[in-house]
Every structure is written in C-alpha cells, then in structure tokens.
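> Sharing work.txt, compact mmCIF, C-alpha atoms:
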# COMPACT_ATOMS: atom_id res chain seq x y z
CA MET A 1 263.96 -32.48 173.91
CA THR A 2 265.93 -33.75 170.91
CA ALA A 3 267.39 -37.23 170.72
CA LEU A 4 270.88 -35.79 171.26
CA LYS A 5 269.92 -33.94 174.43
CA ARG A 6 268.54 -37.11 175.99
CA LEU A 7 271.92 -38.87 175.53
CA ARG A 8 274.41 -38.67 178.38
CA GLY A 9 277.98 -37.55 177.74
CA PRO A 10 279.93 -36.40 174.70
CA ALA A 11 280.77 -39.96 173.55
CA SER A 12 277.11 -40.85 173.28
CA ALA A 13 276.43 -37.66 171.39
CA LEU A 14 279.21 -38.39 168.91
CA ARG A 15 277.93 -41.92 168.36
CA ALA A 16 274.45 -40.57 167.73
CA LEU A 17 275.76 -37.98 165.30
CA GLY A 18 277.63 -40.72 163.42
CA ALA A 19 274.53 -42.89 163.24
CA LEU A 20 272.41 -40.05 161.97
CA ALA A 21 275.01 -39.14 159.33
CA LEU A 22 275.27 -42.75 158.16
CA ALA A 23 271.50 -43.03 157.91
CA GLY A 24 271.39 -39.87 155.82
CA LEU A 25 274.14 -41.12 153.54
CA LEU A 26 272.40 -44.45 152.99
CA ALA A 27 269.13 -42.69 152.22
CA ALA A 28 270.81 -40.39 149.72
CA THR A 29 272.60 -43.30 148.06
CA ALA A 30 269.38 -45.28 147.76
CA THR A 31 267.68 -42.31 146.18
CA ALA A 32 270.53 -41.80 143.71
CA THR A 33 270.78 -45.41 142.62
CA ALA A 34 267.12 -46.38 142.57
CA PRO A 35 265.69 -46.72 139.05
CA SER A 36 263.45 -43.89 138.03
CA ALA A 37 259.76 -44.58 138.08
CA GLY A 38 259.60 -44.01 134.33
CA ALA A 39 262.47 -46.37 133.37
CA ALA A 40 261.13 -49.25 131.32
CA PRO A 41 262.70 -52.71 131.68
CA ASP A 42 264.35 -54.29 128.66
CA PRO A 43 261.89 -56.11 126.41
CA ARG A 44 261.97 -59.90 126.50
CA ALA A 45 261.88 -62.31 123.59
CA PRO A 46 258.60 -64.04 122.75
CA ARG A 47 258.38 -67.67 123.82
CA GLU A 48 259.10 -68.74 120.24
CA PHE A 49 262.75 -67.67 120.69
CA VAL A 50 265.51 -69.81 122.19
CA ALA A 51 269.26 -69.74 122.77
CA LEU A 52 270.82 -71.93 120.06
CA ASP A 53 273.03 -73.82 122.50
CA ARG A 54 269.91 -75.03 124.32
CA VAL A 55 268.95 -76.80 121.08
CA ASP A 56 272.42 -77.78 119.84
CA PRO A 57 275.50 -77.09 122.00
CA THR A 58 277.86 -78.52 119.34
CA ILE A 59 277.42 -75.62 116.89
CA LEU A 60 280.34 -73.22 117.28
CA GLN A 61 279.58 -69.59 118.07
CA GLU A 62 281.84 -66.65 117.17
CA MET A 63 279.52 -63.72 117.75
CA ARG A 64 281.43 -60.96 116.01
CA TYR A 65 279.23 -58.03 117.04
CA THR A 66 280.03 -58.53 120.72
CA THR A 67 283.66 -57.75 119.82
CA GLU A 68 285.55 -54.97 118.06
CA HIS A 69 286.34 -57.21 115.08
CA ASN A 70 283.59 -56.08 112.74
CA PHE A 71 283.13 -53.43 110.06
CA VAL A 72 282.24 -50.76 112.65
CA GLY A 73 285.24 -51.47 114.87
CA GLU A 74 283.44 -51.52 118.21
CA ARG A 75 280.96 -53.61 120.18
CA ILE A 76 277.52 -53.10 118.65
CA ASP A 77 274.56 -51.75 120.62
CA GLY A 78 272.30 -54.45 122.04
CA TYR A 79 274.91 -57.23 122.01
CA ARG A 80 275.38 -57.82 125.73
CA GLN A 81 276.49 -61.45 125.66
CA PRO A 82 278.03 -63.65 122.93
CA VAL A 83 274.97 -65.87 122.59
CA CYS A 84 273.11 -66.89 119.42
CA ILE A 85 269.35 -66.39 119.76
CA LEU A 86 266.91 -67.64 117.12
CA THR A 87 263.32 -68.62 116.71
CA ARG A 88 262.96 -72.25 117.75
CA PRO A 89 262.09 -73.51 114.23
CA ALA A 90 265.27 -71.91 112.84
CA ALA A 91 267.38 -73.32 115.70
CA GLU A 92 265.95 -76.80 115.23
CA ALA A 93 266.60 -76.63 111.48
CA LEU A 94 270.23 -75.66 112.16
CA HIS A 95 270.46 -78.65 114.49
CA ARG A 96 269.28 -80.99 111.74
CA ALA A 97 271.88 -79.58 109.34
CA GLN A 98 274.54 -79.92 112.04
CA VAL A 99 273.77 -83.62 112.58
CA ARG A 100 274.36 -84.32 108.89
CA LEU A 101 277.56 -82.25 108.77
CA LEU A 102 279.00 -83.85 111.92
CA ALA A 103 278.67 -87.24 110.24
CA ARG A 104 280.86 -85.91 107.41
CA GLY A 105 283.52 -84.42 109.70
CA TYR A 106 282.33 -80.81 109.75
CA THR A 107 280.57 -78.42 112.10
CA LEU A 108 278.58 -75.24 111.63
CA LYS A 109 279.80 -71.97 113.13
CA VAL A 110 277.57 -68.91 113.53
CA TYR A 111 278.80 -65.32 113.39
CA ASP A 112 275.45 -63.62 114.01
CA CYS A 113 271.85 -64.69 114.64
CA TYR A 114 268.99 -62.54 115.96
CA ARG A 115 269.97 -58.85 115.75
CA PRO A 116 268.08 -56.20 117.74
CA GLN A 117 266.80 -53.10 115.97
CA ARG A 118 269.07 -50.95 118.17
CA ALA A 119 272.05 -52.72 116.58
CA VAL A 120 270.73 -51.96 113.09
CA ASP A 121 270.34 -48.34 114.17
CA HIS A 122 273.99 -48.40 115.29
CA PHE A 123 275.02 -49.59 111.82
CA VAL A 124 273.00 -46.80 110.22
CA ARG A 125 274.60 -44.09 112.42
CA TRP A 126 278.04 -45.47 111.62
CA ALA A 127 277.35 -45.57 107.88
CA LYS A 128 276.31 -41.90 107.91
CA ASP A 129 279.57 -40.89 109.62
CA LEU A 130 281.80 -40.76 106.55
CA ASP A 131 284.85 -39.83 108.62
CA ASP A 132 284.90 -43.13 110.53
CA GLU A 133 286.76 -45.57 108.29
CA ARG A 134 288.87 -47.35 110.89
CA MET A 135 287.94 -50.83 109.56
CA LYS A 136 287.74 -49.97 105.86
CA ARG A 137 290.89 -51.78 104.76
CA GLU A 138 289.58 -55.16 105.92
CA PHE A 139 285.83 -55.05 105.41
CA TYR A 140 285.12 -52.65 102.50
CA PRO A 141 288.44 -51.79 100.87
CA LEU A 142 287.01 -51.17 97.37
CA VAL A 143 283.69 -49.59 98.35
CA ASP A 144 283.31 -45.88 99.00
CA LYS A 145 281.58 -45.52 102.35
CA SER A 146 279.14 -43.02 100.89
CA ARG A 147 277.79 -45.90 98.73
CA LEU A 148 276.99 -48.36 101.54
CA PHE A 149 273.24 -47.59 101.49
CA ALA A 150 272.89 -47.35 97.71
CA ASP A 151 274.81 -50.59 97.17
CA GLY A 152 272.70 -52.46 99.72
CA TYR A 153 275.36 -53.17 102.33
CA ILE A 154 273.57 -51.17 105.04
CA ALA A 155 269.81 -50.73 105.49
CA GLU A 156 267.49 -49.35 108.16
CA LYS A 157 265.85 -52.75 108.67
CA SER A 158 267.36 -56.22 108.77
CA GLY A 159 265.86 -59.67 108.41
CA HIS A 160 268.04 -60.67 111.36
CA SER A 161 265.72 -58.68 113.62
CA ARG A 162 262.89 -61.09 112.81
CA GLY A 163 264.83 -63.91 114.46
CA SER A 164 265.09 -66.55 111.73
CA THR A 165 268.17 -65.31 109.87
CA VAL A 166 271.69 -66.50 110.63
CA ASP A 167 275.20 -65.69 109.41
CA VAL A 168 276.96 -69.04 109.32
CA THR A 169 279.92 -70.98 107.93
CA VAL A 170 281.41 -74.49 108.00
CA VAL A 171 284.48 -75.61 109.95
CA ARG A 172 286.39 -78.86 109.46
CA LEU A 173 286.74 -81.04 112.55
CA PRO A 174 288.67 -81.05 114.76
CA ALA A 175 288.15 -77.29 114.87
CA ALA A 176 291.35 -75.31 115.13
CA PRO A 177 291.21 -72.37 117.54
CA THR A 178 290.77 -68.88 116.14
CA ARG A 179 292.97 -66.27 117.77
CA PRO A 180 291.26 -63.16 119.16
CA TYR A 181 291.38 -59.90 117.25
CA VAL A 182 293.71 -57.30 118.75
CA PRO A 183 292.23 -53.78 118.37
CA GLY A 184 294.54 -51.63 116.31
CA GLU A 185 296.36 -54.51 114.64
CA PRO A 186 297.20 -54.15 110.93
CA LEU A 187 294.20 -54.96 108.73
CA VAL A 188 294.23 -57.13 105.61
CA GLU A 189 291.66 -57.02 102.80
CA CYS A 190 288.86 -59.54 103.34
CA PHE A 191 289.20 -60.94 99.80
CA ARG A 192 292.89 -61.77 100.06
CA PRO A 193 293.94 -65.46 100.01
CA GLN A 194 292.89 -67.28 103.17
CA ASP A 195 296.44 -67.60 104.52
CA GLU A 196 296.90 -63.82 104.25
CA ARG A 197 293.65 -62.39 105.65
CA PHE A 198 292.58 -62.46 109.32
CA PRO A 199 292.78 -66.08 110.51
CA ASP A 200 289.47 -67.91 110.75
CA ASN A 201 288.97 -71.65 111.25
CA SER A 202 286.21 -71.63 108.62
CA LEU A 203 286.63 -73.49 105.38
CA ASP A 204 287.98 -71.24 102.63
CA MET A 205 284.92 -69.52 101.19
CA GLY A 206 286.85 -67.07 99.03
CA THR A 207 286.31 -64.08 101.35
CA GLY A 208 286.05 -63.46 105.04
CA PHE A 209 282.76 -62.88 106.85
CA ASP A 210 281.10 -59.49 106.27
CA CYS A 211 283.29 -58.73 103.29
CA PHE A 212 281.59 -55.86 101.43
CA ASP A 213 282.62 -56.92 97.95
CA THR A 214 281.04 -58.61 94.95
CA LEU A 215 283.31 -61.62 95.57
CA SER A 216 281.01 -62.35 98.52
CA HIS A 217 278.11 -63.00 96.13
CA THR A 218 277.40 -66.69 96.58
CA ASP A 219 277.55 -67.54 92.88
CA ASP A 220 280.23 -65.08 91.78
CA PRO A 221 281.88 -66.82 88.78
CA ARG A 222 285.37 -65.95 90.01
CA ILE A 223 284.88 -68.33 92.95
CA GLN A 224 285.95 -71.76 91.69
CA GLY A 225 287.66 -74.94 92.82
CA VAL A 226 287.79 -75.67 96.56
CA GLN A 227 286.15 -72.35 97.42
CA ARG A 228 283.16 -73.15 95.20
CA THR A 229 282.91 -76.64 96.71
CA ASN A 230 282.91 -75.17 100.21
CA ARG A 231 280.19 -72.64 99.42
CA ASP A 232 278.06 -75.35 97.88
CA LEU A 233 278.58 -77.57 100.91
CA LEU A 234 277.24 -74.83 103.19
CA ARG A 235 274.34 -73.81 100.95
CA ASN A 236 273.21 -77.37 100.25
CA ALA A 237 273.39 -78.42 103.90
CA LEU A 238 271.13 -75.54 104.93
CA ALA A 239 268.81 -75.64 101.91
CA GLU A 240 267.93 -79.24 102.80
CA GLN A 241 266.54 -77.93 106.09
CA GLY A 242 264.53 -75.01 104.72
CA PHE A 243 267.07 -72.17 104.68
CA VAL A 244 267.25 -69.73 101.77
CA ASN A 245 270.53 -68.02 100.95
CA LEU A 246 270.86 -64.28 100.27
CA PRO A 247 272.64 -64.22 96.87
CA GLU A 248 274.83 -61.25 97.83
CA GLU A 249 276.30 -62.92 100.93
CA TRP A 250 277.51 -66.54 101.00
CA TRP A 251 277.12 -66.61 104.81
CA HIS A 252 273.54 -65.25 105.08
CA PHE A 253 270.58 -67.66 105.38
CA THR A 254 266.93 -67.28 106.41
CA PHE A 255 264.71 -70.13 107.56
CA LYS A 256 261.39 -70.36 105.73
CA PRO A 257 258.59 -69.99 106.58
CA GLU A 258 259.53 -67.35 109.16
CA PRO A 259 257.44 -67.36 112.35
CA PHE A 260 257.62 -63.54 112.40
CA PRO A 261 257.82 -62.43 108.75
CA SER A 262 257.02 -58.77 109.41
CA THR A 263 258.07 -58.10 113.03
CA PHE A 264 261.40 -56.45 113.86
CA PHE A 265 262.29 -57.07 117.50
CA ASP A 266 264.50 -55.01 119.80
CA PHE A 267 265.17 -57.12 122.90
CA PRO A 268 268.92 -57.30 123.74
CA VAL A 269 271.15 -60.23 122.84
CA ALA A 270 271.48 -61.75 126.30
CA ARG A 271 270.53 -65.00 127.98
CA ARG A 272 268.05 -63.27 130.22
CA SER A 273 266.07 -62.27 127.10
CA VAL A 274 265.14 -65.93 126.60
CA ALA A 275 265.45 -67.20 130.19
CA GLY A 276 262.86 -69.83 130.99
CA HIS A 277 261.93 -70.49 127.35
Take the structure in the file and write it out as structure tokens.

Amino acid sequence: MTALKRLRGPASALRALGALALAGLLAATATATAPSAGAAPDPRAPREFVALDRVDPTILQEMRYTTEHNFVGERIDGYRQPVCILTRPAAEALHRAQVRLLARGYTLKVYDCYRPQRAVDHFVRWAKDLDDERMKREFYPLVDKSRLFADGYIAEKSGHSRGSTVDVTVVRLPAAPTRPYVPGEPLVECFRPQDERFPDNSLDMGTGFDCFDTLSHTDDPRIQGVQRTNRDLLRNALAEQGFVNLPEEWWHFTFKPEPFPSTFFDFPVARRSVAGH
C-alpha cells in the first residue's frame, strides 16, 4: 500500500499531497541553487597582503573603480568593495608618509591600490571597443581611443596587480567632502582649471585623476606655481618612504623593493580576500 492509501479521509490525503509537493519543491530548489561541483572558489590574497585601513585608518579612500566615475564609465570587474588592498610593506610605508603629512595639516587619499587581473582585462576589452566613448570628454578628450595602447594608457598587464602600486593624492585638512558622481551628468575635461572640472577635495595637481593627457606627466613644464608645489609635496612625501613615481602619471607610485615583482594576482577586491591576515 502507498503512504496515501494508509491515511484516513480526504483531509489527511490532501495534507500528505501538500507535504510531498513541498518536499519536491525544496529538493528542486536545492538542486538549482547548489554550486556546481566544478565551480572554483575565488582566490584569496597571500598572507603578505592587508587592507590598508587595518594599518592606517586615517588615510582617505575614494576607490574610483567601484563606481561609474572612471574612464570606462561603469564598475570595473573584480572590484566588489571599496577597500584598498596592498602588500603589507607598501601599506606600512604609506602609513609612515601619512604620519609626516598629518603633522603638516594634510592627509593622503587613495584612488586605487591592488588591481586584479580581471579588472585589467576589463580595461583591455573596453579599449578595443572603439564605439564606447561615453567618458571621453572628461578622461581622454584629446586622445583618439584607437591610440590608447600605442600611447601607453592601456596595457594587458599592470603593476597594480602585483600589490605594491597605489594611485594617491594629497588632501588639505580638514578634508572637505567630495560629492558623488551622478551617471549621465555633463562631463568636463580633466585638464580644465580645478574649479571647473569634476570636484575633488585633492590639492590642485593640474589635472584630475586618470587624466589621459601629457599634462598628467609629473614633470610637465607647463605645471608651475601652486600645482608644481603640490605635485612635489606628494612625490617627496612618498619618495622618503621608498615609493617610485611613474613619470607619466603624477598619482602613480610603486613601493620598492616589491615583495612580488613578477606575479600578477587575480583575487577580487573585497575584505574577505584578506580576512584573517
């Protein structure tokens, strides 16, 4: 006899049918949502990596690639949380620079730190799509997109993926708030005067962050006066702690010697990547 036949009365039968149906639905749902046996978990960072705010919570973080306010115009692959991750030696060196700047009434602010390879791959795909120029007016107004590889603005590998490179600026204290970017808002060229381009609480460095233009070259002779003083302040503060500037980008610094000089990592930018370190 079946289980239904052993039950007495129609009400019992209906209850049994309902229970069996619910059990089947739960089983089907579990099967549908369970991870496949072949799905690999996200890679984790080596123990040499750390979240910057665990080393120095006073350094400001404006992680641009977790937002739509960047040269691509969308959140970048691999940036799951707005957290700066670096190798511990690089983070500790930033902390030492921060201590000296705080005493002078300034603070560091990071725009980008460790960058997973999947994010670099996202940049490469975007650069090859010549029809997507939604952010051109702000970030590369004078550069033809077809020249981004040849001119060195985009590459298939990035020093950021090794974990000791940081995009950073200086902010005067007390730090004024920076308003959020509104997708679709009118764009202004990144080399326009500071009071005309997108508002940023950074000192005036002559261009905005990620400005694809020769004016972003750290020692461009057209950058003079207060802008030159501000660039020198940033470069000198970091050079004292072992950071080397990339001459083409006033904001780009790499700590030397790098713990991983030839390894390009691909763990996501998220706290769980460095949890427990």
> Determine the nearest neighbour of A:Phe198 from the options A:Arg271, A:Arg75, A:Arg172, A:His69, counting all atoms listed in the file.
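The closest residue to A:Phe198 is A:His69.
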> Using all atoms listed in the file, which of the listed residues (A:Pro261, A:Pro89, A:Pro82, A:Gly152) sits closest to A:Val50?
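Closest candidate: A:Pro89.
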> To one decimal place, how far is atom CA of A:Val120 from atom CA of A:Ser158 in Å?
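Calculated distance between atom CA of A:Val120 and atom CA of A:Ser158 is 6.9 Å.
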> List as a PyMOL selection string the protein and nucleic acid residues near A:Glu156, meaning an atom at most 12 Å away when all atoms listed in the file are counted, but skip any in the same chain fewer than 5 places from it.
chain A and resi 116-128+148-150+161+264
> With a distance cut-off of 10 Å and only C-alpha atoms, select the neighbouring residues of A:Phe139, excluding the residue or stretch itself and same-chain residues fewer than 5 positions from it, and output the selection as a list in words.
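In the requested format, the answer is His69, Asn70, Phe71, Val72, Glu133, Arg134, Leu187, Val188, Glu189, Cys190, Phe191, Thr207, Gly208, Phe209, Asp210, Cys211, Phe212 and Asp213 of chain A.
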> Using Å and a single decimal, report how far atom CA of A:Gly105 sits from atom CA of A:Gln81.
28.8 Å
> Could you please determine the separation between atom CA of A:Pro247 and atom CA of A:Ala155 in Å, to one decimal place?
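A separation of 16.3 Å between them.
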> Pick the closest to A:Pro186 from A:Lys136, A:Arg228, A:His217, A:Lys157: which is it, counting only C-alpha atoms?
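Among the listed residues, A:Lys136 lies closest to A:Pro186.
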> Nearest residue to A:His252 out of A:Glu138, A:Asp42, A:Asp232, A:Asp112, using all atoms listed in the file?
A:Asp112
> Determine, counting only C-alpha atoms, which protein, DNA and RNA residues have an atom within 12 Å of an atom of A:Phe260; residues of the same chain fewer than 3 positions away are not included. Present the result as an NGL selection string.
:A and (46 or 48-49 or 86-90 or 114 or 159-165 or 254-257 or 263-265)
> Return the single residue from A:Gly78, A:Pro41, A:Gly73, A:Pro199 that is closest to A:Pro268, with distances computed using all atoms listed in the file.
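Closest to A:Pro268, using all atoms listed in the file: A:Gly78.
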> Rank A:Arg115, A:Lys109, A:Arg44, A:Arg104 by their smallest atom-to-atom distance to A:Ile76, using all atoms listed in the file, and report the top residue only.
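Checking each of A:Arg115, A:Lys109, A:Arg44, A:Arg104 against A:Ile76, counting all atoms listed in the file, the winner is A:Arg115.
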